[in-house]
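File shown here: target00.cif, holding mmCIF, C-alpha atoms and all ligand atoms.
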data_data
#
loop_
_atom_site.label_atom_id
_atom_site.label_comp_id
_atom_site.auth_asym_id
_atom_site.auth_seq_id
_atom_site.Cartn_x
_atom_site.Cartn_y
_atom_site.Cartn_z
CA MET A 1 -8.07 24.00 11.00
CA THR A 2 -7.41 24.43 7.31
CA ALA A 3 -8.44 27.65 5.55
CA ASN A 4 -10.03 25.70 2.73
CA VAL A 5 -12.49 23.17 4.16
CA LEU A 6 -13.41 20.52 1.60
CA THR A 7 -15.96 17.73 1.47
CA VAL A 8 -14.01 14.59 0.70
CA GLY A 9 -15.35 11.10 0.02
CA PHE A 10 -13.23 8.14 1.10
CA VAL A 11 -13.83 4.44 0.38
CA GLY A 12 -11.61 1.83 2.07
CA LEU A 13 -10.79 2.54 5.72
CA GLY A 14 -8.18 -0.16 6.33
CA ALA A 15 -4.61 -0.11 7.62
CA MET A 16 -3.79 2.80 5.27
CA GLY A 17 -7.18 4.43 4.62
CA GLY A 18 -8.07 4.67 8.33
CA PRO A 19 -5.10 6.86 9.33
CA MET A 20 -5.42 8.91 6.12
CA VAL A 21 -9.02 9.73 7.00
CA GLU A 22 -7.96 10.66 10.51
CA ARG A 23 -5.37 13.10 9.14
CA LEU A 24 -7.87 14.67 6.72
CA ILE A 25 -10.38 15.15 9.55
CA SER A 26 -7.67 16.65 11.76
CA ALA A 27 -6.89 19.10 8.94
CA GLY A 28 -10.51 20.28 9.20
CA HIS A 29 -12.08 18.58 6.18
CA ARG A 30 -15.53 16.98 6.12
CA LEU A 31 -15.22 13.26 5.40
CA LEU A 32 -17.96 11.08 3.88
CA VAL A 33 -16.84 7.48 4.09
CA HIS A 34 -17.74 3.93 3.14
CA ASP A 35 -16.27 0.50 3.87
CA VAL A 36 -17.71 -3.03 3.87
CA SER A 37 -16.38 -3.48 7.41
CA PRO A 38 -18.78 -2.14 10.07
CA ALA A 39 -15.86 -1.93 12.54
CA ALA A 40 -13.82 0.26 10.18
CA LEU A 41 -16.87 2.49 9.60
CA ALA A 42 -17.56 2.83 13.34
CA GLN A 43 -13.93 3.81 13.94
CA ALA A 44 -14.12 6.54 11.27
CA GLU A 45 -17.44 7.79 12.65
CA ALA A 46 -15.88 8.07 16.10
CA LEU A 47 -13.29 10.39 14.56
CA GLY A 48 -16.01 12.61 13.08
CA ALA A 49 -16.55 11.12 9.60
CA THR A 50 -20.04 10.54 8.20
CA ALA A 51 -20.66 6.91 7.21
CA LEU A 52 -22.61 6.26 4.01
CA PRO A 53 -24.12 2.97 2.84
CA SER A 54 -22.43 2.61 -0.57
CA PRO A 55 -19.76 4.06 -2.87
CA ALA A 56 -22.62 5.52 -4.95
CA ALA A 57 -23.89 7.43 -1.90
CA VAL A 58 -20.39 8.82 -1.32
CA ALA A 59 -20.07 9.96 -4.95
CA ASP A 60 -23.55 11.48 -4.76
CA ALA A 61 -22.40 13.88 -2.05
CA ALA A 62 -18.65 14.43 -2.40
CA PRO A 63 -16.97 16.29 -5.29
CA ILE A 64 -13.61 14.69 -4.52
CA VAL A 65 -13.40 10.95 -3.76
CA PHE A 66 -10.36 8.95 -2.66
CA VAL A 67 -10.21 5.15 -2.50
CA SER A 68 -7.70 2.94 -0.63
CA LEU A 69 -8.69 -0.64 -1.44
CA PRO A 70 -6.96 -4.03 -1.41
CA THR A 71 -7.04 -5.37 -4.98
CA PRO A 72 -7.63 -4.34 -8.61
CA ASP A 73 -10.94 -6.26 -8.67
CA VAL A 74 -12.25 -4.44 -5.60
CA VAL A 75 -11.26 -1.08 -7.07
CA LYS A 76 -13.10 -1.88 -10.30
CA GLN A 77 -16.16 -3.03 -8.36
CA VAL A 78 -16.20 0.05 -6.13
CA ALA A 79 -15.64 2.45 -9.03
CA LEU A 80 -17.69 0.93 -11.82
CA GLY A 81 -19.85 -1.88 -10.36
CA ALA A 82 -23.48 -1.83 -9.22
CA GLY A 83 -23.86 0.73 -6.41
CA GLY A 84 -20.41 2.02 -7.39
CA LEU A 85 -18.98 5.53 -7.52
CA VAL A 86 -19.99 5.80 -11.19
CA GLU A 87 -23.63 6.06 -10.05
CA GLY A 88 -23.04 9.21 -7.98
CA SER A 89 -23.80 12.66 -9.37
CA ALA A 90 -21.54 14.98 -7.34
CA MET A 91 -18.09 13.42 -7.87
CA ARG A 92 -15.81 15.50 -10.13
CA ILE A 93 -12.39 14.13 -9.16
CA TYR A 94 -11.54 10.52 -8.28
CA ALA A 95 -8.12 9.47 -7.00
CA ASP A 96 -7.03 5.88 -6.33
CA LEU A 97 -4.48 5.71 -3.48
CA SER A 98 -4.32 1.89 -3.62
CA THR A 99 -1.73 -0.19 -5.46
CA THR A 100 -3.67 -1.73 -8.30
CA GLY A 101 -1.60 -1.40 -11.50
CA ALA A 102 -1.91 0.75 -14.60
CA ARG A 103 -4.43 -1.49 -16.37
CA VAL A 104 -7.16 -1.03 -13.80
CA ALA A 105 -6.34 2.66 -13.62
CA SER A 106 -7.06 3.04 -17.35
CA GLU A 107 -10.21 0.89 -17.20
CA VAL A 108 -11.56 3.00 -14.35
CA ALA A 109 -10.51 6.19 -16.13
CA GLU A 110 -12.44 5.12 -19.20
CA GLY A 111 -15.57 4.35 -17.18
CA LEU A 112 -15.50 7.48 -15.03
CA SER A 113 -14.35 10.02 -17.61
CA ALA A 114 -17.44 9.14 -19.66
CA LYS A 115 -19.35 10.67 -16.69
CA GLY A 116 -17.21 13.82 -16.68
CA VAL A 117 -15.02 12.75 -13.74
CA ALA A 118 -11.29 13.56 -13.74
CA VAL A 119 -9.35 10.43 -12.79
CA LEU A 120 -6.05 10.38 -10.94
CA ASP A 121 -4.01 7.56 -9.55
CA ALA A 122 -1.98 8.46 -6.48
CA PRO A 123 -0.46 5.33 -4.94
CA VAL A 124 1.53 5.75 -1.77
CA SER A 125 4.58 4.28 -0.07
CA GLY A 126 5.72 4.40 3.54
CA GLY A 127 3.52 1.94 5.40
CA VAL A 128 1.04 2.40 8.20
CA ALA A 129 3.54 4.43 10.23
CA GLY A 130 3.90 6.81 7.28
CA ALA A 131 0.11 7.04 6.92
CA LYS A 132 -0.26 7.91 10.62
CA ALA A 133 2.54 10.47 10.55
CA GLY A 134 1.52 11.99 7.19
CA THR A 135 4.94 11.25 5.72
CA LEU A 136 3.92 8.95 2.87
CA SER A 137 5.54 9.25 -0.51
CA VAL A 138 2.69 9.97 -2.95
CA MET A 139 3.23 9.37 -6.68
CA ALA A 140 0.32 10.85 -8.62
CA SER A 141 -0.53 10.82 -12.30
CA GLY A 142 -3.33 12.06 -14.52
CA ASP A 143 -4.65 15.46 -15.50
CA ARG A 144 -2.41 18.17 -14.02
CA ALA A 145 -5.27 20.61 -13.32
CA ALA A 146 -7.19 17.95 -11.35
CA PHE A 147 -4.00 17.06 -9.50
CA GLU A 148 -3.52 20.71 -8.49
CA GLN A 149 -7.05 20.71 -7.03
CA VAL A 150 -6.25 17.79 -4.71
CA ARG A 151 -2.58 18.59 -4.09
CA ASP A 152 -3.23 20.07 -0.62
CA LEU A 153 -5.23 16.99 0.40
CA LEU A 154 -2.45 14.71 -0.81
CA GLU A 155 0.07 16.86 1.09
CA THR A 156 -2.01 16.17 4.23
CA ILE A 157 -1.47 12.43 3.90
CA GLY A 158 2.05 12.55 2.49
CA ARG A 159 5.18 14.62 2.29
CA GLY A 160 6.71 15.51 -1.05
CA THR A 161 3.83 14.51 -3.34
CA ILE A 162 5.14 14.17 -6.90
CA HIS A 163 3.12 14.41 -10.12
CA VAL A 164 4.88 11.76 -12.19
CA GLY A 165 2.99 12.18 -15.47
CA GLU A 166 -0.17 13.26 -17.27
CA GLU A 167 -1.12 9.73 -18.25
CA VAL A 168 -3.39 7.85 -15.83
CA GLY A 169 -1.56 4.76 -14.54
CA GLN A 170 1.98 6.17 -14.57
CA GLY A 171 1.88 6.59 -10.78
CA GLN A 172 0.70 2.99 -10.51
CA THR A 173 3.53 1.73 -12.67
CA LEU A 174 6.09 3.64 -10.61
CA LYS A 175 4.58 2.21 -7.43
CA LEU A 176 4.90 -1.32 -8.85
CA VAL A 177 8.55 -0.63 -9.72
CA ASN A 178 9.10 0.54 -6.13
CA ASN A 179 7.36 -2.45 -4.57
CA LEU A 180 9.09 -4.95 -6.84
CA ILE A 181 12.37 -3.57 -5.52
CA ALA A 182 11.12 -3.57 -1.91
CA ALA A 183 9.76 -7.14 -2.15
CA THR A 184 12.88 -8.55 -3.77
CA VAL A 185 15.25 -6.80 -1.36
CA TRP A 186 13.19 -8.09 1.56
CA ALA A 187 13.34 -11.67 0.22
CA ALA A 188 17.14 -11.45 -0.18
CA THR A 189 17.55 -9.78 3.23
CA ALA A 190 15.52 -12.51 4.94
CA GLU A 191 17.54 -15.29 3.29
CA ALA A 192 20.87 -13.69 4.18
CA MET A 193 19.89 -12.97 7.80
CA VAL A 194 18.81 -16.60 8.31
CA MET A 195 22.15 -17.71 6.89
CA GLY A 196 24.01 -15.46 9.35
CA ALA A 197 21.91 -16.68 12.28
CA LYS A 198 22.55 -20.31 11.34
CA ALA A 199 26.27 -19.60 11.23
CA GLY A 200 25.99 -18.47 14.86
CA LEU A 201 26.02 -14.69 14.47
CA ASP A 202 23.93 -12.71 16.94
CA PRO A 203 20.99 -11.30 14.87
CA ALA A 204 21.01 -8.05 16.87
CA VAL A 205 24.71 -7.58 16.16
CA MET A 206 24.18 -8.38 12.46
CA HIS A 207 21.44 -5.77 12.39
CA ALA A 208 23.59 -3.12 14.11
CA VAL A 209 26.47 -3.68 11.68
CA ILE A 210 24.32 -3.80 8.53
CA ALA A 211 22.62 -0.56 9.65
CA ARG A 212 25.99 1.15 8.99
CA SER A 213 26.96 -0.96 5.98
CA SER A 214 26.07 -1.34 2.31
CA GLY A 215 23.40 -4.04 2.87
CA ARG A 216 21.07 -1.61 4.66
CA SER A 217 17.62 -0.91 3.18
CA PHE A 218 14.01 -0.27 4.20
CA SER A 219 13.95 -3.99 5.11
CA THR A 220 16.83 -3.73 7.56
CA GLU A 221 15.89 -0.29 8.87
CA VAL A 222 12.14 -0.76 9.29
CA PHE A 223 11.15 -4.43 9.06
CA MET A 224 14.04 -5.83 11.05
CA PRO A 225 14.14 -4.21 14.53
CA LYS A 226 10.65 -4.71 15.94
CA ALA A 227 8.81 -6.97 13.51
CA VAL A 228 11.60 -9.52 13.11
CA LEU A 229 14.20 -9.24 15.91
CA GLU A 230 11.50 -8.69 18.54
CA ARG A 231 9.20 -11.17 16.76
CA SER A 232 6.13 -8.88 16.61
CA PHE A 233 5.54 -9.45 12.85
CA ASP A 234 3.26 -6.42 12.79
CA PHE A 235 4.67 -3.95 10.25
CA GLY A 236 1.08 -3.49 9.00
CA PHE A 237 1.28 -4.62 5.35
CA ARG A 238 -0.26 -7.99 4.65
CA LEU A 239 1.91 -10.51 2.81
CA GLU A 240 -0.88 -11.20 0.32
CA LEU A 241 -0.88 -7.50 -0.66
CA MET A 242 2.88 -7.54 -1.32
CA ARG A 243 2.39 -10.76 -3.29
CA LYS A 244 -0.34 -9.03 -5.30
CA ASP A 245 2.02 -6.14 -6.07
CA VAL A 246 4.80 -8.51 -7.21
CA ARG A 247 2.37 -10.39 -9.44
CA LEU A 248 1.00 -7.16 -10.94
CA ALA A 249 4.54 -5.90 -11.58
CA LEU A 250 5.63 -9.14 -13.23
CA ALA A 251 2.52 -9.18 -15.43
CA GLU A 252 3.48 -5.67 -16.54
CA ALA A 253 7.07 -6.81 -17.20
CA GLU A 254 5.78 -9.77 -19.21
CA ALA A 255 3.65 -7.43 -21.33
CA LEU A 256 6.63 -5.11 -21.85
CA GLY A 257 9.08 -7.96 -22.54
CA THR A 258 11.68 -7.04 -19.90
CA THR A 259 13.81 -9.65 -18.08
CA MET A 260 12.87 -10.40 -14.47
CA LEU A 261 15.06 -13.30 -13.35
CA THR A 262 15.64 -12.18 -9.75
CA CYS A 263 12.16 -10.79 -9.17
CA THR A 264 10.52 -13.95 -10.55
CA THR A 265 12.40 -16.03 -7.99
CA ALA A 266 11.29 -13.64 -5.24
CA LYS A 267 7.70 -14.07 -6.43
CA GLN A 268 7.99 -17.83 -5.93
CA LEU A 269 9.10 -17.25 -2.37
CA TYR A 270 6.07 -15.01 -1.71
CA ASP A 271 3.83 -17.69 -3.29
CA HIS A 272 5.29 -20.33 -0.96
CA ALA A 273 4.96 -18.08 2.11
CA TYR A 274 1.34 -17.31 1.22
CA VAL A 275 0.43 -20.98 0.79
CA HIS A 276 2.39 -21.94 3.92
CA GLY A 277 1.19 -19.15 6.26
CA GLY A 278 -2.21 -18.29 4.78
CA GLU A 279 -4.21 -15.05 4.62
CA GLY A 280 -3.70 -12.22 7.03
CA GLN A 281 -0.01 -12.73 7.89
CA ASP A 282 2.23 -9.67 7.85
CA VAL A 283 4.78 -9.24 5.05
CA THR A 284 7.56 -9.52 7.65
CA ALA A 285 6.43 -13.12 8.39
CA LEU A 286 8.08 -14.12 5.08
CA ILE A 287 11.24 -14.73 7.10
CA ARG A 288 9.50 -17.40 9.20
CA LEU A 289 9.29 -19.69 6.19
CA LEU A 290 13.02 -19.26 5.55
CA GLU A 291 13.74 -19.79 9.24
CA SER A 292 11.80 -23.06 9.19
CA TRP A 293 13.64 -24.22 6.07
CA GLY A 294 17.03 -23.08 7.37
CA GLY A 295 16.65 -24.19 10.97
CA ALA A 296 17.67 -20.87 12.57
CA GLU A 297 15.71 -17.94 14.00
CA VAL A 298 16.56 -14.25 13.41
CA SER A 299 15.60 -13.20 16.92
CA SER A 300 17.15 -10.79 19.40
CA GLN A 301 16.38 -13.44 22.04
CA ARG A 302 19.07 -15.75 20.57
CA ARG A 303 17.00 -18.90 20.91
CA ASN A 304 19.02 -20.75 18.25
P1 LIG A 401 -6.55 -3.22 4.19
O1 LIG A 401 -7.00 -4.57 3.76
O2 LIG A 401 -6.10 -2.99 5.59
O3 LIG A 401 -7.72 -2.16 3.90
C1 LIG A 401 -8.61 -2.28 2.82
C2 LIG A 401 -9.98 -1.78 3.28
O4 LIG A 401 -10.86 -1.88 2.15
C3 LIG A 401 -10.59 -2.64 4.40
O5 LIG A 401 -11.06 -1.81 5.44
C4 LIG A 401 -11.73 -3.38 3.72
O6 LIG A 401 -12.82 -3.65 4.58
C5 LIG A 401 -12.10 -2.38 2.64
N1 LIG A 401 -12.83 -3.00 1.52
C6 LIG A 401 -12.59 -4.19 0.93
N2 LIG A 401 -13.50 -4.41 -0.03
C7 LIG A 401 -14.31 -3.32 -0.06
C8 LIG A 401 -15.43 -2.94 -0.85
N3 LIG A 401 -15.89 -3.73 -1.84
N4 LIG A 401 -16.02 -1.76 -0.60
C9 LIG A 401 -15.59 -0.94 0.40
N5 LIG A 401 -14.52 -1.25 1.19
C10 LIG A 401 -13.89 -2.42 0.94
O7 LIG A 401 -5.39 -2.82 3.15
P2 LIG A 401 -4.31 -1.65 3.34
O8 LIG A 401 -3.06 -2.21 3.94
O9 LIG A 401 -4.98 -0.45 3.94
O10 LIG A 401 -3.97 -1.36 1.81
C11 LIG A 401 -4.84 -0.63 0.97
C12 LIG A 401 -4.12 -0.41 -0.35
O11 LIG A 401 -2.92 0.35 -0.13
C13 LIG A 401 -3.67 -1.71 -1.02
O12 LIG A 401 -3.83 -1.60 -2.42
C14 LIG A 401 -2.21 -1.83 -0.64
O13 LIG A 401 -1.47 -2.58 -1.58
C15 LIG A 401 -1.80 -0.37 -0.59
N6 LIG A 401 -0.68 -0.06 0.30
C16 LIG A 401 -0.60 -0.59 1.55
C17 LIG A 401 0.48 -0.26 2.37
C18 LIG A 401 0.64 -0.84 3.77
O14 LIG A 401 1.75 -0.74 4.33
N7 LIG A 401 -0.40 -1.41 4.37
C19 LIG A 401 1.45 0.63 1.92
C20 LIG A 401 1.31 1.19 0.65
C21 LIG A 401 0.24 0.84 -0.15
#
Mind turning this structure into structure tokens?
Amino acid sequence: MTANVLTVGFVGLGAMGGPMVERLISAGHRLLVHDVSPAALAQAEALGATALPSPAAVADAAPIVFVSLPTPDVVKQVALGAGGLVEGSAMRIYADLSTTGARVASEVAEGLSAKGVAVLDAPVSGGVAGAKAGTLSVMASGDRAAFEQVRDLLETIGRGTIHVGEEVGQGQTLKLVNNLIAATVWAATAEAMVMGAKAGLDPAVMHAVIARSSGRSFSTEVFMPKAVLERSFDFGFRLELMRKDVRLALAEAEALGTTMLTCTTAKQLYDHAYVHGGEGQDVTALIRLLESWGGAEVSSQRRN
């Protein structure tokens, strides 16, 4: 049990939010939660959280509120829409753990700061496994004093939380930079692995060699072994969320006027994979599209 027990609101109990809530409860905090999914709510209640009927109800009872939601539009709706957090009277600090871009972060900051709420963005990296283990990388920005008040909570869900700047949205921008790199490296890795498989190399041998060579990355170390070689395609990050991140990052690049030749091509691949495979597929399923185009499978079963 923690020495300092806090009442924490949490909206969005999905692949990332669910395990974060579990860790916060295990650390002894009192969790007041909301989600549109009754199943997600029931799961959090079973862990000891109190389910509330709306974001407004959460913000009416919790001084600190975290959100972990899928898209910028949902974050805006939950924060500022009808029945949203803005209608609650107890919330003093709001932190967005989702990946939603700097623009939404500033819009939400404008709406909530008018009500005297300190706004932080604290996007995370490290996947569902990182959320379960409490090893996420957390990149927070916004008012330093508010950050210090939630630092211990962020340290419960991550390891090595970094305050990247005083301006709301800077954490979001850094997260988009990170995910643009991750998405593009994954696209290139998938293409190259399919090429090797088509040439007759054993995918498991390719993986073992690349693991000790300069082509290694999060894609080869984490995506490849179980999700791809063993064909489970269950890393836990939906392809449409990665596509959203790439699109948000490229919109930011467009606004800033920086060149994005490689990343723009990767975006087209994610667009194709989304149209081809539909909603709900895992980000690791991107390789299936390339396998179908290339006529070779990157499988440890060597079915090629
Ligand atoms: P998810 O879709 O699994 O979870 C989102 C949750 O939000 C769901 O439980 C959903 O029911 C709930 N929700 C949707 N609309 C809502 C609303 N209007 N009100 C209340 N609840 C609502 O997504 P996730 O994988 O947990 O990702 C959450 C955020 O974290 C995203 O922004 C994503 O980009 C980011 N992220 C995900 C990962 C990952 O590996 N999954 C890693 C880092 C960051």
Give me, as a PDB file with C-alpha atoms, keeping the file's coordinate frame, the set of residues whose atoms come within 9 Å of any atom of ligand LIG 401 (chain A), counting all atoms listed in the file.
ATOM      1  CA  VAL A  11     -13.830   4.440   0.380  1.00  0.00           C
ATOM      2  CA  GLY A  12     -11.610   1.830   2.070  1.00  0.00           C
ATOM      3  CA  LEU A  13     -10.790   2.540   5.720  1.00  0.00           C
ATOM      4  CA  GLY A  14      -8.180  -0.160   6.330  1.00  0.00           C
ATOM      5  CA  ALA A  15      -4.610  -0.110   7.620  1.00  0.00           C
ATOM      6  CA  MET A  16      -3.790   2.800   5.270  1.00  0.00           C
ATOM      7  CA  GLY A  17      -7.180   4.430   4.620  1.00  0.00           C
ATOM      8  CA  GLY A  18      -8.070   4.670   8.330  1.00  0.00           C
ATOM      9  CA  HIS A  34     -17.740   3.930   3.140  1.00  0.00           C
ATOM     10  CA  ASP A  35     -16.270   0.500   3.870  1.00  0.00           C
ATOM     11  CA  VAL A  36     -17.710  -3.030   3.870  1.00  0.00           C
ATOM     12  CA  SER A  37     -16.380  -3.480   7.410  1.00  0.00           C
ATOM     13  CA  PRO A  38     -18.780  -2.140  10.070  1.00  0.00           C
ATOM     14  CA  ALA A  39     -15.860  -1.930  12.540  1.00  0.00           C
ATOM     15  CA  ALA A  40     -13.820   0.260  10.180  1.00  0.00           C
ATOM     16  CA  LEU A  41     -16.870   2.490   9.600  1.00  0.00           C
ATOM     17  CA  SER A  54     -22.430   2.610  -0.570  1.00  0.00           C
ATOM     18  CA  PRO A  55     -19.760   4.060  -2.870  1.00  0.00           C
ATOM     19  CA  VAL A  67     -10.210   5.150  -2.500  1.00  0.00           C
ATOM     20  CA  SER A  68      -7.700   2.940  -0.630  1.00  0.00           C
ATOM     21  CA  LEU A  69      -8.690  -0.640  -1.440  1.00  0.00           C
ATOM     22  CA  PRO A  70      -6.960  -4.030  -1.410  1.00  0.00           C
ATOM     23  CA  THR A  71      -7.040  -5.370  -4.980  1.00  0.00           C
ATOM     24  CA  PRO A  72      -7.630  -4.340  -8.610  1.00  0.00           C
ATOM     25  CA  ASP A  73     -10.940  -6.260  -8.670  1.00  0.00           C
ATOM     26  CA  VAL A  74     -12.250  -4.440  -5.600  1.00  0.00           C
ATOM     27  CA  VAL A  75     -11.260  -1.080  -7.070  1.00  0.00           C
ATOM     28  CA  GLN A  77     -16.160  -3.030  -8.360  1.00  0.00           C
ATOM     29  CA  VAL A  78     -16.200   0.050  -6.130  1.00  0.00           C
ATOM     30  CA  GLY A  84     -20.410   2.020  -7.390  1.00  0.00           C
ATOM     31  CA  LEU A  97      -4.480   5.710  -3.480  1.00  0.00           C
ATOM     32  CA  SER A  98      -4.320   1.890  -3.620  1.00  0.00           C
ATOM     33  CA  THR A  99      -1.730  -0.190  -5.460  1.00  0.00           C
ATOM     34  CA  THR A 100      -3.670  -1.730  -8.300  1.00  0.00           C
ATOM     35  CA  PRO A 123      -0.460   5.330  -4.940  1.00  0.00           C
ATOM     36  CA  VAL A 124       1.530   5.750  -1.770  1.00  0.00           C
ATOM     37  CA  SER A 125       4.580   4.280  -0.070  1.00  0.00           C
ATOM     38  CA  GLY A 126       5.720   4.400   3.540  1.00  0.00           C
ATOM     39  CA  GLY A 127       3.520   1.940   5.400  1.00  0.00           C
ATOM     40  CA  VAL A 128       1.040   2.400   8.200  1.00  0.00           C
ATOM     41  CA  ALA A 129       3.540   4.430  10.230  1.00  0.00           C
ATOM     42  CA  GLY A 130       3.900   6.810   7.280  1.00  0.00           C
ATOM     43  CA  ALA A 131       0.110   7.040   6.920  1.00  0.00           C
ATOM     44  CA  LEU A 136       3.920   8.950   2.870  1.00  0.00           C
ATOM     45  CA  LYS A 175       4.580   2.210  -7.430  1.00  0.00           C
ATOM     46  CA  ASN A 179       7.360  -2.450  -4.570  1.00  0.00           C
ATOM     47  CA  PHE A 235       4.670  -3.950  10.250  1.00  0.00           C
ATOM     48  CA  GLY A 236       1.080  -3.490   9.000  1.00  0.00           C
ATOM     49  CA  PHE A 237       1.280  -4.620   5.350  1.00  0.00           C
ATOM     50  CA  ARG A 238      -0.260  -7.990   4.650  1.00  0.00           C
ATOM     51  CA  GLU A 240      -0.880 -11.200   0.320  1.00  0.00           C
ATOM     52  CA  LEU A 241      -0.880  -7.500  -0.660  1.00  0.00           C
ATOM     53  CA  MET A 242       2.880  -7.540  -1.320  1.00  0.00           C
ATOM     54  CA  LYS A 244      -0.340  -9.030  -5.300  1.00  0.00           C
ATOM     55  CA  ASP A 245       2.020  -6.140  -6.070  1.00  0.00           C
ATOM     56  CA  GLY A 280      -3.700 -12.220   7.030  1.00  0.00           C
TER      57      GLY A 280
END
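Among the candidates A:Ser232, A:Thr173, A:Ser299, A:Thr135, the one nearest to Arg159 in chain A when counting all atoms listed in the file is A:Thr135.
Taking all atoms listed in the file, the non-local environment of Arg216 in chain A within 12 Å (same-chain residues fewer than 6 positions away omitted) comprises A:Val185, A:Trp186, A:Ala188, A:Thr189, A:Met193, A:Met206, A:His207, A:Ala208, A:Val209, A:Ile210, A:Val222, A:Phe223, A:Met224.
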- From the list A:Leu85, A:Leu154, A:Met139, A:Met260, the nearest residue to Met20 in chain A using all atoms listed in the file is A:Leu154
- Message: Which residue is closest to Val194 in chain A? Choose from A:Ala42, A:Ala133, A:Val298, A:Ala57 and count all atoms listed in the file.
- Response: A:Val298
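Of the listed residues (A:Asp234, A:Glu167, A:Glu110, A:Asp152), A:Asp234 comes nearest to Thr284 in chain A; the distances count all atoms listed in the file.
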- Query: Leaving out His163 in chain A and any residue of its chain fewer than 4 positions from it, which residues lie within 8 Å of it when counting all atoms listed in the file, given as a list in words?
  - Reply: Met139, Ala140, Ser141, Arg144, Phe147 and Gly171 of chain A
- All residues 12 Å or closer to Ala27 in chain A, all atoms listed in the file, same chain fewer than 6 positions away omitted, as JSON, numbers by chain: {"A": [1, 2, 3, 4, 5, 6, 7, 8, 20, 21, 48, 134, 152, 153, 154, 155, 156, 157]}
- Mind pulling up the distance from CA of Ala285 in chain A to CA of Glu230 in chain A? 12.2 Å
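Residue nearest Ala49 in chain A, chosen from A:Ile25, A:Cys263, A:Ala182, A:Ala197 and counting all atoms listed in the file: A:Ile25.
Neighbours of Arg247 in chain A closer than or equal to 10 Å, with all atoms listed in the file counted and sequence neighbours fewer than 3 positions away skipped, come out as Leu176, Leu180, Leu241, Met242, Arg243, Lys244, Leu250, Ala251, Glu252, Ala253, Cys263, Thr264, Lys267, Gln268, Tyr270 and Asp271 of chain A.
Of note, CA of Ile93 in chain A and CA of Gln172 in chain A are spaced 17.2 Å apart.
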If I only want range 157-187 of chain A, can you write it with C-alpha atoms, as a PDB file, in the first residue's frame?
ATOM      1  CA  ILE A 157       2.292   3.251 -14.555  1.00  0.00           C
ATOM      2  CA  GLY A 158       5.714   3.934 -16.050  1.00  0.00           C
ATOM      3  CA  ARG A 159       9.399   3.919 -15.344  1.00  0.00           C
ATOM      4  CA  GLY A 160      11.512   6.991 -15.941  1.00  0.00           C
ATOM      5  CA  THR A 161       8.740   9.567 -16.406  1.00  0.00           C
ATOM      6  CA  ILE A 162      10.183  12.664 -18.088  1.00  0.00           C
ATOM      7  CA  HIS A 163       8.784  16.200 -17.984  1.00  0.00           C
ATOM      8  CA  VAL A 164       9.580  17.322 -21.513  1.00  0.00           C
ATOM      9  CA  GLY A 165       8.371  20.933 -21.312  1.00  0.00           C
ATOM     10  CA  GLU A 166       6.098  23.496 -19.678  1.00  0.00           C
ATOM     11  CA  GLU A 167       3.958  23.934 -22.777  1.00  0.00           C
ATOM     12  CA  VAL A 168       0.895  21.684 -23.046  1.00  0.00           C
ATOM     13  CA  GLY A 169       1.219  19.487 -26.144  1.00  0.00           C
ATOM     14  CA  GLN A 170       5.011  19.089 -26.129  1.00  0.00           C
ATOM     15  CA  GLY A 171       4.673  15.551 -24.747  1.00  0.00           C
ATOM     16  CA  GLN A 172       2.160  14.824 -27.498  1.00  0.00           C
ATOM     17  CA  THR A 173       4.493  16.096 -30.188  1.00  0.00           C
ATOM     18  CA  LEU A 174       7.351  13.984 -28.845  1.00  0.00           C
ATOM     19  CA  LYS A 175       5.069  10.943 -28.781  1.00  0.00           C
ATOM     20  CA  LEU A 176       4.139  11.557 -32.440  1.00  0.00           C
ATOM     21  CA  VAL A 177       7.838  11.807 -33.334  1.00  0.00           C
ATOM     22  CA  ASN A 178       8.410   8.480 -31.558  1.00  0.00           C
ATOM     23  CA  ASN A 179       5.486   6.737 -33.228  1.00  0.00           C
ATOM     24  CA  LEU A 180       6.340   8.083 -36.674  1.00  0.00           C
ATOM     25  CA  ILE A 181       9.733   6.440 -36.253  1.00  0.00           C
ATOM     26  CA  ALA A 182       8.200   3.216 -34.886  1.00  0.00           C
ATOM     27  CA  ALA A 183       5.589   3.025 -37.674  1.00  0.00           C
ATOM     28  CA  THR A 184       8.074   3.682 -40.468  1.00  0.00           C
ATOM     29  CA  VAL A 185      10.656   1.247 -39.105  1.00  0.00           C
ATOM     30  CA  TRP A 186       7.954  -1.402 -38.799  1.00  0.00           C
ATOM     31  CA  ALA A 187       6.847  -0.853 -42.414  1.00  0.00           C
TER      32      ALA A 187
END
